[in-house]
>>> print(open('upload26.txt').read())   # compact mmCIF, C-alpha atoms
# COMPACT_ATOMS: atom_id res chain seq x y z
CA MET A 429 28.79 36.77 17.71
CA GLU A 430 28.44 33.07 18.39
CA ILE A 431 27.10 30.53 15.87
CA GLU A 432 26.65 26.84 16.50
CA ILE A 433 27.31 24.72 13.42
CA ILE A 434 25.89 21.22 13.07
CA SER A 435 26.33 19.03 10.03
CA PHE A 436 24.90 15.81 8.67
CA GLY A 437 25.49 12.97 6.25
CA GLN A 438 28.48 13.25 3.99
CA ILE A 439 29.16 16.80 5.16
CA ALA A 440 29.62 15.59 8.76
CA GLU A 441 32.67 13.70 7.46
CA PHE A 442 34.61 16.96 7.08
CA ILE A 443 32.72 19.56 9.12
CA ASN A 444 32.40 18.77 12.82
CA HIS A 445 29.78 20.11 15.16
CA GLN A 446 31.34 23.30 16.53
CA LYS A 447 30.72 26.70 17.97
CA ILE A 448 32.37 29.61 16.20
CA GLU A 449 32.98 33.19 17.30
CA VAL A 450 32.78 35.43 14.25
CA ASP A 451 31.88 38.93 13.28
CA GLY A 452 30.56 40.28 10.03
CA ILE A 453 28.31 37.33 9.12
CA ALA A 454 25.03 39.15 8.88
CA ASP A 455 22.96 36.68 6.92
CA THR A 456 22.88 33.16 5.48
CA ASP A 457 24.42 34.23 2.15
CA ALA A 458 27.42 35.61 4.03
CA PHE A 459 27.55 32.43 6.10
CA LYS A 460 27.70 30.31 2.94
CA ARG A 461 30.62 32.37 1.64
CA TYR A 462 32.36 31.91 5.00
CA LEU A 463 31.74 28.16 4.95
CA GLU A 464 32.87 27.56 1.39
CA ASP A 465 35.96 29.60 2.04
CA ARG A 466 36.84 27.61 5.11
CA PHE A 467 35.73 24.21 3.70
CA PRO A 468 36.41 24.33 -0.04
CA THR A 469 35.09 20.77 -0.52
CA LEU A 470 31.64 22.22 0.05
CA LYS A 471 31.83 24.29 -3.14
CA GLY A 472 31.25 21.29 -5.39
CA MET A 473 28.39 19.91 -3.31
CA LYS A 474 24.67 20.47 -3.09
CA TYR A 475 23.60 21.41 0.39
CA LYS A 476 20.91 23.28 2.29
CA LEU A 477 21.08 25.25 5.51
CA ALA A 478 18.61 25.20 8.37
CA LEU A 479 18.71 28.25 10.62
CA ASN A 480 17.34 27.52 14.10
CA LYS A 481 15.52 24.45 12.72
CA ASN A 482 13.96 26.27 9.77
CA ILE A 483 15.11 25.28 6.31
CA VAL A 484 16.58 28.37 4.64
CA GLN A 485 14.69 29.12 1.44
CA GLN A 486 16.05 32.62 0.86
CA ASN A 487 18.72 34.84 2.35
CA THR A 488 17.90 35.28 6.05
CA GLU A 489 19.38 37.42 8.80
CA ILE A 490 21.51 35.58 11.35
CA LYS A 491 21.35 36.65 14.99
CA ASN A 492 23.72 35.92 17.85
CA GLN A 493 23.58 32.36 19.20
CA ALA A 494 22.04 30.99 16.03
CA THR A 495 22.25 27.28 15.29
CA ILE A 496 22.90 26.53 11.65
CA ALA A 497 22.66 23.03 10.20
CA ILE A 498 24.48 22.12 7.00
CA MET A 499 22.59 19.39 5.20
CA PRO A 500 23.46 17.44 2.03
CA PRO A 501 20.57 16.14 -0.15
CA PHE A 502 18.16 13.98 1.84
CA SER A 503 18.13 10.24 1.25
CA GLY A 504 15.67 8.75 3.69
CA GLY A 505 13.09 6.08 2.92
CA MET B 249 -30.39 -31.44 -24.16
CA GLU B 250 -29.03 -31.18 -20.64
CA ILE B 251 -27.92 -27.95 -19.00
CA GLU B 252 -26.47 -27.63 -15.52
CA ILE B 253 -27.44 -24.40 -13.78
CA ILE B 254 -25.42 -22.99 -10.92
CA SER B 255 -26.15 -19.74 -9.17
CA PHE B 256 -24.44 -17.40 -6.73
CA GLY B 257 -25.00 -14.63 -4.23
CA GLN B 258 -28.48 -13.22 -4.00
CA ILE B 259 -29.62 -15.26 -7.00
CA ALA B 260 -28.78 -18.51 -5.19
CA GLU B 261 -31.53 -17.58 -2.75
CA PHE B 262 -34.20 -18.36 -5.35
CA ILE B 263 -32.49 -20.43 -8.04
CA ASN B 264 -30.98 -23.69 -6.82
CA HIS B 265 -28.22 -25.62 -8.46
CA GLN B 266 -30.02 -27.97 -10.85
CA LYS B 267 -29.81 -29.93 -14.06
CA ILE B 268 -32.53 -29.26 -16.61
CA GLU B 269 -33.60 -31.22 -19.67
CA VAL B 270 -34.79 -28.76 -22.31
CA ASP B 271 -35.00 -28.39 -26.02
CA GLY B 272 -35.00 -25.30 -28.17
CA ILE B 273 -32.49 -23.30 -26.14
CA ALA B 274 -29.90 -22.72 -28.82
CA ASP B 275 -27.98 -19.84 -27.34
CA THR B 276 -27.48 -17.69 -24.24
CA ASP B 277 -30.07 -15.10 -25.31
CA ALA B 278 -32.67 -17.87 -25.50
CA PHE B 279 -31.49 -19.17 -22.14
CA LYS B 280 -32.00 -15.74 -20.57
CA ARG B 281 -35.58 -15.61 -21.88
CA TYR B 282 -36.17 -19.11 -20.48
CA LEU B 283 -34.72 -18.12 -17.10
CA GLU B 284 -36.61 -14.85 -16.74
CA ASP B 285 -39.79 -16.62 -17.73
CA ARG B 286 -39.30 -19.32 -15.10
CA PHE B 287 -37.88 -16.98 -12.41
CA PRO B 288 -39.58 -13.60 -12.92
CA THR B 289 -37.64 -12.08 -9.97
CA LEU B 290 -34.59 -12.15 -12.21
CA LYS B 291 -36.14 -9.61 -14.59
CA GLY B 292 -35.53 -6.69 -12.26
CA MET B 293 -31.98 -7.73 -11.43
CA LYS B 294 -28.56 -7.20 -12.96
CA TYR B 295 -26.83 -10.48 -13.64
CA LYS B 296 -24.22 -12.07 -15.88
CA LEU B 297 -23.94 -15.58 -17.21
CA ALA B 298 -20.84 -17.72 -17.42
CA LEU B 299 -21.00 -20.55 -19.95
CA ASN B 300 -18.61 -23.38 -19.13
CA LYS B 301 -16.58 -20.97 -16.93
CA ASN B 302 -16.36 -18.22 -19.52
CA ILE B 303 -18.15 -15.00 -18.79
CA VAL B 304 -20.70 -14.41 -21.55
CA GLN B 305 -20.00 -11.11 -23.29
CA GLN B 306 -22.25 -11.62 -26.33
CA ASN B 307 -24.83 -14.13 -27.44
CA THR B 308 -23.16 -17.54 -27.53
CA GLU B 309 -24.26 -20.99 -28.74
CA ILE B 310 -25.13 -23.50 -26.02
CA LYS B 311 -24.21 -27.14 -26.54
CA ASN B 312 -25.46 -30.23 -24.76
CA GLN B 313 -24.12 -30.70 -21.20
CA ALA B 314 -23.26 -27.05 -20.81
CA THR B 315 -22.79 -25.57 -17.34
CA ILE B 316 -24.23 -22.10 -16.99
CA ALA B 317 -23.60 -19.92 -13.96
CA ILE B 318 -25.97 -17.09 -13.07
CA MET B 319 -24.07 -14.35 -11.28
CA PRO B 320 -25.31 -11.15 -9.66
CA PRO B 321 -22.93 -8.13 -9.58
CA PHE B 322 -19.62 -8.99 -7.90
CA SER B 323 -18.90 -7.63 -4.46
CA GLY B 324 -15.57 -9.04 -3.35
CA GLY B 325 -12.78 -7.11 -1.68
CA MET C 1457 -3.85 -30.78 -18.50
CA SER C 1458 -3.24 -27.11 -18.02
CA GLU C 1459 0.31 -25.84 -17.91
CA LYS C 1460 -0.83 -22.66 -16.25
CA ASN C 1461 0.26 -22.20 -12.69
CA ILE C 1462 -3.09 -21.21 -11.22
CA LYS C 1463 -2.57 -20.14 -7.63
CA ASN C 1464 -5.21 -20.33 -4.96
CA ILE C 1465 -6.10 -16.97 -3.43
CA PHE C 1466 -8.86 -18.11 -1.08
CA VAL C 1467 -8.50 -18.56 2.65
CA ASN C 1468 -11.22 -19.66 5.03
CA GLY C 1469 -12.28 -16.93 7.41
CA PRO C 1470 -10.39 -13.73 8.19
CA ILE C 1471 -6.78 -13.06 7.24
CA ALA C 1472 -4.74 -12.86 10.46
CA PRO C 1473 -2.16 -10.09 11.05
CA ALA C 1474 0.33 -12.85 11.91
CA PHE C 1475 -0.19 -14.35 8.45
CA ILE C 1476 0.60 -10.96 6.94
CA ALA C 1477 3.73 -10.65 9.10
CA ASP C 1478 4.92 -14.09 7.94
CA SER C 1479 4.35 -13.07 4.36
CA ILE C 1480 6.40 -9.90 4.87
CA ALA C 1481 9.19 -11.75 6.72
CA LYS C 1482 9.57 -14.24 3.85
CA HIS C 1483 10.74 -11.41 1.62
CA SER C 1484 13.86 -10.60 3.65
CA SER C 1485 15.84 -13.04 1.50
CA LYS C 1486 14.73 -11.23 -1.66
CA THR C 1487 17.34 -8.51 -1.52
CA ALA C 1488 16.57 -7.07 -4.96
CA ILE C 1489 13.33 -5.69 -3.51
CA GLY C 1490 13.33 -2.04 -2.42
CA GLY C 1491 9.62 -1.33 -1.99
CA HIS C 1492 6.57 -3.28 -0.84
CA SER C 1493 3.00 -2.10 -1.23
CA ILE C 1494 0.16 -3.69 0.69
CA PHE C 1495 -3.56 -3.17 0.55
CA MET C 1496 -5.85 -4.73 3.13
CA GLY C 1497 -9.63 -4.68 3.05
CA GLN C 1498 -11.27 -4.65 6.48
CA VAL C 1499 -14.95 -5.34 7.17
CA ARG C 1500 -16.69 -2.15 8.28
CA LYS C 1501 -19.36 -2.06 10.95
CA ASP C 1502 -21.60 0.01 8.68
CA GLU C 1503 -24.96 1.24 9.92
CA ILE C 1504 -27.72 0.54 7.41
CA ASN C 1505 -31.28 1.54 8.28
CA GLY C 1506 -30.47 1.55 11.98
CA LYS C 1507 -28.81 -1.87 12.00
CA PHE C 1508 -25.08 -2.56 12.26
CA VAL C 1509 -23.16 -4.95 10.03
CA SER C 1510 -21.58 -7.57 12.30
CA ALA C 1511 -19.87 -9.65 9.59
CA ILE C 1512 -19.66 -10.35 5.89
CA ALA C 1513 -20.00 -13.90 4.58
CA TYR C 1514 -18.09 -14.35 1.34
CA THR C 1515 -18.81 -16.88 -1.39
CA ALA C 1516 -17.18 -17.18 -4.80
CA TYR C 1517 -17.36 -19.02 -8.07
CA GLU C 1518 -13.93 -20.29 -7.16
CA GLU C 1519 -12.78 -21.89 -10.40
CA LEU C 1520 -13.77 -18.87 -12.49
CA ALA C 1521 -12.31 -16.45 -9.92
CA LEU C 1522 -8.94 -18.24 -9.91
CA GLU C 1523 -8.85 -18.36 -13.71
CA LYS C 1524 -9.65 -14.64 -13.86
CA MET C 1525 -7.08 -13.85 -11.16
CA TYR C 1526 -4.51 -15.78 -13.19
CA GLN C 1527 -5.22 -13.51 -16.19
CA ILE C 1528 -5.00 -10.37 -14.07
CA ARG C 1529 -1.72 -11.57 -12.56
CA GLU C 1530 -0.23 -12.20 -16.00
CA GLU C 1531 -1.31 -8.78 -17.25
CA ILE C 1532 0.03 -6.98 -14.18
CA PHE C 1533 3.41 -8.74 -14.40
CA GLU C 1534 3.50 -7.78 -18.09
CA LYS C 1535 2.78 -4.16 -17.27
CA TYR C 1536 4.95 -3.55 -14.18
CA PRO C 1537 8.49 -4.69 -13.26
CA LEU C 1538 7.40 -6.58 -10.14
CA LYS C 1539 9.47 -8.99 -8.10
CA CYS C 1540 6.50 -10.51 -6.25
CA MET C 1541 2.74 -10.41 -6.04
CA HIS C 1542 0.61 -12.19 -3.44
CA ILE C 1543 -3.17 -12.04 -3.17
CA TYR C 1544 -5.47 -13.52 -0.55
CA HIS C 1545 -9.24 -13.17 -0.23
CA SER C 1546 -11.43 -14.59 2.50
CA LEU C 1547 -14.28 -17.02 2.01
CA GLY C 1548 -16.85 -17.63 4.73
CA THR C 1549 -17.49 -15.33 7.65
CA VAL C 1550 -15.30 -12.32 8.41
CA LYS C 1551 -16.36 -10.19 11.37
CA ALA C 1552 -16.36 -6.39 11.47
CA GLY C 1553 -12.79 -5.23 12.14
CA GLU C 1554 -11.24 -8.34 10.57
CA ILE C 1555 -9.32 -8.44 7.31
CA CYS C 1556 -10.91 -10.00 4.21
CA LEU C 1557 -8.44 -9.01 1.48
CA PHE C 1558 -4.65 -8.83 1.37
CA VAL C 1559 -2.80 -7.70 -1.75
CA PHE C 1560 1.00 -7.53 -1.55
CA THR C 1561 3.28 -6.35 -4.38
CA SER C 1562 7.04 -5.80 -4.37
CA SER C 1563 9.50 -4.21 -6.78
CA ALA C 1564 13.04 -2.81 -6.85
CA HIS C 1565 11.75 0.77 -6.68
CA ARG C 1566 8.58 1.94 -5.04
CA LYS C 1567 6.41 3.20 -7.91
CA PRO C 1568 5.68 -0.09 -9.73
CA ALA C 1569 4.76 -1.83 -6.47
CA ILE C 1570 2.39 0.97 -5.47
CA ALA C 1571 0.75 1.29 -8.91
CA ALA C 1572 0.38 -2.47 -9.35
CA CYS C 1573 -1.14 -2.94 -5.89
CA SER C 1574 -3.75 -0.28 -6.49
CA GLU C 1575 -4.59 -1.62 -9.96
CA VAL C 1576 -4.95 -5.20 -8.72
CA VAL C 1577 -7.36 -4.09 -6.00
CA ASP C 1578 -9.45 -2.12 -8.50
CA ARG C 1579 -9.54 -5.01 -10.95
CA LEU C 1580 -10.31 -7.78 -8.51
CA LYS C 1581 -13.28 -5.90 -7.09
CA VAL C 1582 -14.77 -5.57 -10.58
CA GLU C 1583 -13.66 -8.78 -12.24
CA LEU C 1584 -13.64 -11.59 -9.68
CA PRO C 1585 -16.90 -13.49 -9.13
CA ILE C 1586 -17.01 -13.07 -5.35
CA TRP C 1587 -20.05 -12.08 -3.33
CA GLY C 1588 -20.31 -10.57 0.12
CA LYS C 1589 -23.41 -11.03 2.25
CA GLU C 1590 -23.61 -8.38 4.97
CA ILE C 1591 -24.92 -9.96 8.15
CA PHE C 1592 -26.51 -7.67 10.73
CA GLU C 1593 -26.45 -8.03 14.47
CA ASP C 1594 -30.03 -9.38 14.39
CA GLU C 1595 -28.89 -12.05 11.86
CA SER C 1596 -30.85 -10.52 8.99
CA HIS C 1597 -28.75 -9.84 5.91
CA GLN C 1598 -28.37 -7.90 2.70
CA TRP C 1599 -26.11 -8.45 -0.28
CA LYS C 1600 -23.16 -6.12 -0.57
CA GLU C 1601 -22.69 -4.10 -3.72
CA ASN C 1602 -19.36 -2.68 -4.79
CA SER C 1603 -19.76 0.97 -5.65
CA MET D 1487 5.37 25.21 25.31
CA SER D 1488 4.14 23.80 22.07
CA GLU D 1489 0.58 22.56 21.82
CA LYS D 1490 1.43 20.55 18.76
CA ASN D 1491 1.31 16.82 19.18
CA ILE D 1492 4.63 15.98 17.52
CA LYS D 1493 4.91 12.22 17.20
CA ASN D 1494 8.15 10.36 17.05
CA ILE D 1495 8.64 8.37 13.84
CA PHE D 1496 12.14 7.04 14.51
CA VAL D 1497 12.95 3.51 15.62
CA ASN D 1498 16.40 2.12 16.25
CA GLY D 1499 17.44 -0.48 13.70
CA PRO D 1500 15.15 -2.38 11.34
CA ILE D 1501 11.36 -2.46 11.56
CA ALA D 1502 10.32 -6.01 12.43
CA PRO D 1503 7.44 -7.77 10.61
CA ALA D 1504 5.98 -8.56 14.06
CA PHE D 1505 5.85 -4.83 14.81
CA ILE D 1506 3.92 -4.32 11.58
CA ALA D 1507 1.55 -7.16 12.49
CA ASP D 1508 0.90 -5.57 15.91
CA SER D 1509 0.19 -2.27 14.25
CA ILE D 1510 -2.31 -3.94 11.89
CA ALA D 1511 -3.95 -5.91 14.71
CA LYS D 1512 -4.54 -2.73 16.74
CA HIS D 1513 -6.91 -1.52 14.04
CA SER D 1514 -9.42 -4.33 14.45
CA SER D 1515 -11.31 -2.23 17.00
CA LYS D 1516 -11.57 0.64 14.50
CA THR D 1517 -14.59 -0.69 12.69
CA ALA D 1518 -15.18 2.42 10.58
CA ILE D 1519 -12.07 1.50 8.57
CA GLY D 1520 -12.61 -0.33 5.29
CA GLY D 1521 -9.21 -0.05 3.65
CA HIS D 1522 -5.60 -0.01 4.82
CA SER D 1523 -2.66 0.92 2.63
CA ILE D 1524 0.90 0.11 3.64
CA PHE D 1525 4.21 0.98 2.08
CA MET D 1526 7.44 -0.59 3.31
CA GLY D 1527 10.91 0.34 2.20
CA GLN D 1528 13.40 -2.53 2.23
CA VAL D 1529 17.20 -2.19 1.96
CA ARG D 1530 18.38 -3.54 -1.39
CA LYS D 1531 21.62 -5.46 -1.82
CA ASP D 1532 22.59 -3.23 -4.75
CA GLU D 1533 25.78 -3.91 -6.65
CA ILE D 1534 27.80 -0.74 -7.14
CA ASN D 1535 31.14 -0.95 -8.96
CA GLY D 1536 31.43 -4.64 -8.18
CA LYS D 1537 30.66 -4.30 -4.47
CA PHE D 1538 27.41 -5.26 -2.75
CA VAL D 1539 25.54 -3.09 -0.27
CA SER D 1540 25.30 -5.03 2.98
CA ALA D 1541 23.44 -2.39 5.05
CA ILE D 1542 22.36 1.21 5.20
CA ALA D 1543 23.14 3.32 8.28
CA TYR D 1544 20.55 6.05 8.73
CA THR D 1545 21.02 9.34 10.55
CA ALA D 1546 18.63 12.26 10.75
CA TYR D 1547 18.30 15.81 11.96
CA GLU D 1548 15.64 14.43 14.24
CA GLU D 1549 14.03 17.58 15.59
CA LEU D 1550 13.68 19.13 12.14
CA ALA D 1551 12.49 15.83 10.64
CA LEU D 1552 9.77 15.45 13.28
CA GLU D 1553 8.66 19.04 12.83
CA LYS D 1554 8.49 18.57 9.05
CA MET D 1555 6.67 15.25 9.44
CA TYR D 1556 4.15 17.00 11.67
CA GLN D 1557 3.46 19.50 8.88
CA ILE D 1558 3.13 16.75 6.27
CA ARG D 1559 0.77 14.83 8.56
CA GLU D 1560 -1.44 17.90 9.05
CA GLU D 1561 -1.57 18.56 5.32
CA ILE D 1562 -2.37 14.95 4.46
CA PHE D 1563 -5.19 14.78 7.04
CA GLU D 1564 -6.51 18.05 5.59
CA LYS D 1565 -6.46 16.64 2.07
CA TYR D 1566 -7.76 13.07 2.58
CA PRO D 1567 -10.53 11.63 4.80
CA LEU D 1568 -8.21 9.35 6.75
CA LYS D 1569 -9.01 7.46 9.93
CA CYS D 1570 -5.38 6.74 10.82
CA MET D 1571 -1.84 7.36 9.70
CA HIS D 1572 1.29 5.79 11.19
CA ILE D 1573 4.85 6.37 10.03
CA TYR D 1574 8.07 4.73 11.19
CA HIS D 1575 11.60 5.22 9.87
CA SER D 1576 14.73 3.45 11.01
CA LEU D 1577 17.81 5.11 12.44
CA GLY D 1578 21.11 3.27 12.70
CA THR D 1579 21.98 0.13 10.80
CA VAL D 1580 19.46 -1.75 8.66
CA LYS D 1581 20.80 -4.77 6.78
CA ALA D 1582 19.94 -5.70 3.20
CA GLY D 1583 16.54 -7.42 3.20
CA GLU D 1584 15.38 -5.61 6.34
CA ILE D 1585 12.69 -2.94 6.49
CA CYS D 1586 13.66 0.71 7.05
CA LEU D 1587 10.37 2.51 6.38
CA PHE D 1588 6.76 1.69 7.28
CA VAL D 1589 3.90 3.98 6.24
CA PHE D 1590 0.38 2.88 7.17
CA THR D 1591 -2.80 4.77 6.26
CA SER D 1592 -6.44 3.79 6.78
CA SER D 1593 -9.78 5.15 5.61
CA ALA D 1594 -13.41 4.10 5.26
CA HIS D 1595 -12.98 3.44 1.54
CA ARG D 1596 -9.83 2.38 -0.22
CA LYS D 1597 -8.91 5.31 -2.46
CA PRO D 1598 -7.99 7.93 0.18
CA ALA D 1599 -5.82 5.43 2.08
CA ILE D 1600 -3.96 4.41 -1.09
CA ALA D 1601 -3.47 7.98 -2.38
CA ALA D 1602 -2.38 9.32 1.01
CA CYS D 1603 0.11 6.49 1.57
CA SER D 1604 1.75 7.07 -1.78
CA GLU D 1605 1.89 10.83 -1.27
CA VAL D 1606 3.38 10.53 2.21
CA VAL D 1607 6.14 8.26 0.91
CA ASP D 1608 6.94 10.68 -1.93
CA ARG D 1609 6.99 13.65 0.40
CA LEU D 1610 9.04 12.15 3.20
CA LYS D 1611 11.77 11.07 0.80
CA VAL D 1612 12.09 14.64 -0.46
CA GLU D 1613 11.34 16.67 2.65
CA LEU D 1614 12.68 14.86 5.70
CA PRO D 1615 16.31 15.49 6.69
CA ILE D 1616 17.38 11.85 6.81
CA TRP D 1617 20.55 10.42 5.34
CA GLY D 1618 21.42 6.87 4.35
CA LYS D 1619 25.01 5.68 4.24
CA GLU D 1620 25.34 2.58 2.08
CA ILE D 1621 27.81 0.21 3.69
CA PHE D 1622 29.47 -2.36 1.48
CA GLU D 1623 30.56 -5.87 2.40
CA ASP D 1624 34.20 -4.65 2.69
CA GLU D 1625 33.04 -1.92 5.12
CA SER D 1626 33.72 0.91 2.70
CA HIS D 1627 30.73 3.19 2.18
CA GLN D 1628 29.04 5.72 -0.04
CA TRP D 1629 26.23 8.15 0.66
CA LYS D 1630 22.85 7.23 -0.77
CA GLU D 1631 21.09 9.68 -3.02
CA ASN D 1632 17.36 9.61 -3.61
CA SER D 1633 16.68 9.73 -7.32
>>> encode(input="upload26.txt", output="structure tokens")
Amino acid sequence: MEIEIISFGQIAEFINHQKIEVDGIADTDAFKRYLEDRFPTLKGMKYKLALNKNIVQQNTEIKNQATIAIMPPFSGG
Amino acid sequence: MEIEIISFGQIAEFINHQKIEVDGIADTDAFKRYLEDRFPTLKGMKYKLALNKNIVQQNTEIKNQATIAIMPPFSGG
Amino acid sequence: MSEKNIKNIFVNGPIAPAFIADSIAKHSSKTAIGGHSIFMGQVRKDEINGKFVSAIAYTAYEELALEKMYQIREEIFEKYPLKCMHIYHSLGTVKAGEICLFVFTSSAHRKPAIAACSEVVDRLKVELPIWGKEIFEDESHQWKENS
Amino acid sequence: MSEKNIKNIFVNGPIAPAFIADSIAKHSSKTAIGGHSIFMGQVRKDEINGKFVSAIAYTAYEELALEKMYQIREEIFEKYPLKCMHIYHSLGTVKAGEICLFVFTSSAHRKPAIAACSEVVDRLKVELPIWGKEIFEDESHQWKENS
């Protein structure tokens, strides 16, 4: 299936916006494992995911053509 | 002795700025009795005195050439 | 001779938005400031017994008010780590919709500025000898009371 | 099609004092308002490891931020009897001394405006996906973290 990855702040410095073709990523927990495996820098960092513009509070199913945002801690204001 | 009376707000509508020559007004409690006697309207009203620019919190001695302000409740802001 | 730096807070008539903008702009050189809090009082066109307030005319016992404001200022600076505090109150006529009070506090982080601003507004309404006369459209009046 | 009235809060670059003055002036026709509360965030020239912050560059996940701000707005209007609420946040570069955040609330009496303004500022710092990159005078940078 296809997932669009977007990233922000400090994380955008090492993860570009990209579309990936993957199989076997059923939910956001699996996606995190995939991400941290591919981008080990992420392991030491605090970050949140947003799945199709909803902030992920608990493990959530991922469907084909999902957009997932990777967001470091917010620092607006 | 001489006392200068100044008044503000609603109270200035019936007590003008004036100097009075009186004897036997030793303190602010006595001055209040004098005032309420001379201006009975004052009896039904809330007001504070300021003696020589200090707000009167408790009965205070009045000396010659004092300035006493008669002030209705504040309503700034 | 007093050594106290007693600042005037009174302005004649309403406080203009452009005056507030100037006041804000002056702080751009104060680069230790991270947060500004402003309170503005605006004259309401209240309806009282079928008549609308068209303006408030403010008078004050100015010398006592400035002395009292000086004390409040000292106490607030003692209590909060402020960089700046500016206070302006109208005297004379301020029409409905116009601004009669402008309190402006600044600090490195937001919380002291916000807390100080709110506390100054509360205190000045209670402690400063200022009186507002509400003038109705038919030119009758009544004296405002702070609740 | 959404029926929600999602308002934009983002402005490019700093928020000018004249913009704030215009925003204030527009409220003079709203004569049911008695109190306005404003918070402004200003970029501090912080010293970090011997280097001074010269600017902050802001980016945001705009669509999510506006959606979240919509929710906050609804909740604040539910909680407080406000007449108005306006929020602006900078994107892009804001230099030290310039304003990056402007929150403006108004109500008939002062307390709801003050409480709502403070709560909105607290919430937007925590809940809106916005990031500040602190740029030093030597053009190196570090990512800001809200404490």
>>> closest_residue(input="upload26.txt", among="C:Asp1478, C:Glu1531, C:Glu1593, C:Glu1583", to="chain D", atoms="only C-alpha atoms")
C:Asp1478
>>> interface_residues(input="upload26.txt", of="chain C", to="chain B", cutoff="7 Å", atoms="only C-alpha atoms", output="JSON, numbers by chain")
{"C": [1497, 1520, 1556, 1557, 1581, 1582, 1584, 1585, 1586, 1587, 1588, 1599, 1600, 1601, 1602]}
>>> residues_around(input="upload26.txt", residues="Ala1513 of chain C", least_positions_apart="5", cutoff="8 Å", atoms="only C-alpha atoms", output="MDAnalysis selection string")
chainID C and resid 1547:1550 1588:1591
>>> axis_aligned_box(input="upload26.txt", around="segment 1613-1620 of chain D", padding_each_side="5 Å", output="JSON")
{"center_x": 18.3, "center_y": 9.6, "center_z": 4.4, "size_x": 24.0, "size_y": 24.1, "size_z": 14.7}
>>> interface_residues(input="upload26.txt", of="chain D", to="chain C", cutoff="8 Å", atoms="only C-alpha atoms", output="count of residues only")
34
>>> atom_distance(input="upload26.txt", atom1="atom CA of Lys267 of chain B", atom2="atom CA of Tyr1514 of chain C")
24.8 Å
>>> atom_distance(input="upload26.txt", atom1="atom CA of Gly452 of chain A", atom2="atom CA of Val484 of chain A")
19.1 Å
>>> atom_distance(input="upload26.txt", atom1="atom CA of Leu299 of chain B", atom2="atom CA of Ala314 of chain B")
6.9 Å
>>> closest_residue(input="upload26.txt", among="A:Gln486, A:Ile496, A:Thr469, A:Lys474", to="Phe442 of chain A", atoms="all atoms listed in the file")
A:Thr469
>>> residues_around(input="upload26.txt", residues="Glu430 of chain A", least_positions_apart="2", cutoff="8 Å", atoms="only C-alpha atoms", output="CSV table (one decimal) with C-alpha atoms, in the frame of the given file")
chain,number,residue,atom,x,y,z
A,432,GLU,CA,26.6,26.8,16.5
A,447,LYS,CA,30.7,26.7,18.0
A,448,ILE,CA,32.4,29.6,16.2
A,449,GLU,CA,33.0,33.2,17.3
A,450,VAL,CA,32.8,35.4,14.2
A,492,ASN,CA,23.7,35.9,17.8
A,493,GLN,CA,23.6,32.4,19.2
A,494,ALA,CA,22.0,31.0,16.0
>>> build_atoms(input="upload26.txt", residues="segment 1510-1520 of chain C", atoms="N, CA and C atoms", output="PDB file, in the coordinates of the input")
ATOM      1  N   SER C1510     -22.461  -6.884  11.337  1.00  0.00           N
ATOM      2  CA  SER C1510     -21.580  -7.570  12.300  1.00  0.00           C
ATOM      3  C   SER C1510     -20.535  -8.421  11.582  1.00  0.00           C
ATOM      4  N   ALA C1511     -20.821  -8.816  10.344  1.00  0.00           N
ATOM      5  CA  ALA C1511     -19.870  -9.650   9.590  1.00  0.00           C
ATOM      6  C   ALA C1511     -20.259  -9.645   8.119  1.00  0.00           C
ATOM      7  N   ILE C1512     -19.332 -10.074   7.293  1.00  0.00           N
ATOM      8  CA  ILE C1512     -19.660 -10.350   5.890  1.00  0.00           C
ATOM      9  C   ILE C1512     -19.320 -11.812   5.630  1.00  0.00           C
ATOM     10  N   ALA C1513     -20.259 -12.513   4.975  1.00  0.00           N
ATOM     11  CA  ALA C1513     -20.000 -13.900   4.580  1.00  0.00           C
ATOM     12  C   ALA C1513     -19.713 -13.895   3.079  1.00  0.00           C
ATOM     13  N   TYR C1514     -18.506 -14.368   2.733  1.00  0.00           N
ATOM     14  CA  TYR C1514     -18.090 -14.350   1.340  1.00  0.00           C
ATOM     15  C   TYR C1514     -18.262 -15.718   0.683  1.00  0.00           C
ATOM     16  N   THR C1515     -18.801 -15.693  -0.543  1.00  0.00           N
ATOM     17  CA  THR C1515     -18.810 -16.880  -1.390  1.00  0.00           C
ATOM     18  C   THR C1515     -18.213 -16.487  -2.737  1.00  0.00           C
ATOM     19  N   ALA C1516     -17.796 -17.476  -3.501  1.00  0.00           N
ATOM     20  CA  ALA C1516     -17.180 -17.180  -4.800  1.00  0.00           C
ATOM     21  C   ALA C1516     -17.470 -18.315  -5.769  1.00  0.00           C
ATOM     22  N   TYR C1517     -17.419 -17.993  -7.030  1.00  0.00           N
ATOM     23  CA  TYR C1517     -17.360 -19.020  -8.070  1.00  0.00           C
ATOM     24  C   TYR C1517     -15.871 -19.293  -8.219  1.00  0.00           C
ATOM     25  N   GLU C1518     -15.371 -20.197  -7.379  1.00  0.00           N
ATOM     26  CA  GLU C1518     -13.930 -20.290  -7.160  1.00  0.00           C
ATOM     27  C   GLU C1518     -13.123 -20.562  -8.432  1.00  0.00           C
ATOM     28  N   GLU C1519     -13.568 -21.535  -9.215  1.00  0.00           N
ATOM     29  CA  GLU C1519     -12.780 -21.890 -10.400  1.00  0.00           C
ATOM     30  C   GLU C1519     -12.655 -20.706 -11.364  1.00  0.00           C
ATOM     31  N   LEU C1520     -13.786 -20.018 -11.574  1.00  0.00           N
ATOM     32  CA  LEU C1520     -13.770 -18.870 -12.490  1.00  0.00           C
ATOM     33  C   LEU C1520     -12.940 -17.725 -11.895  1.00  0.00           C
TER      34      LEU C1520
END
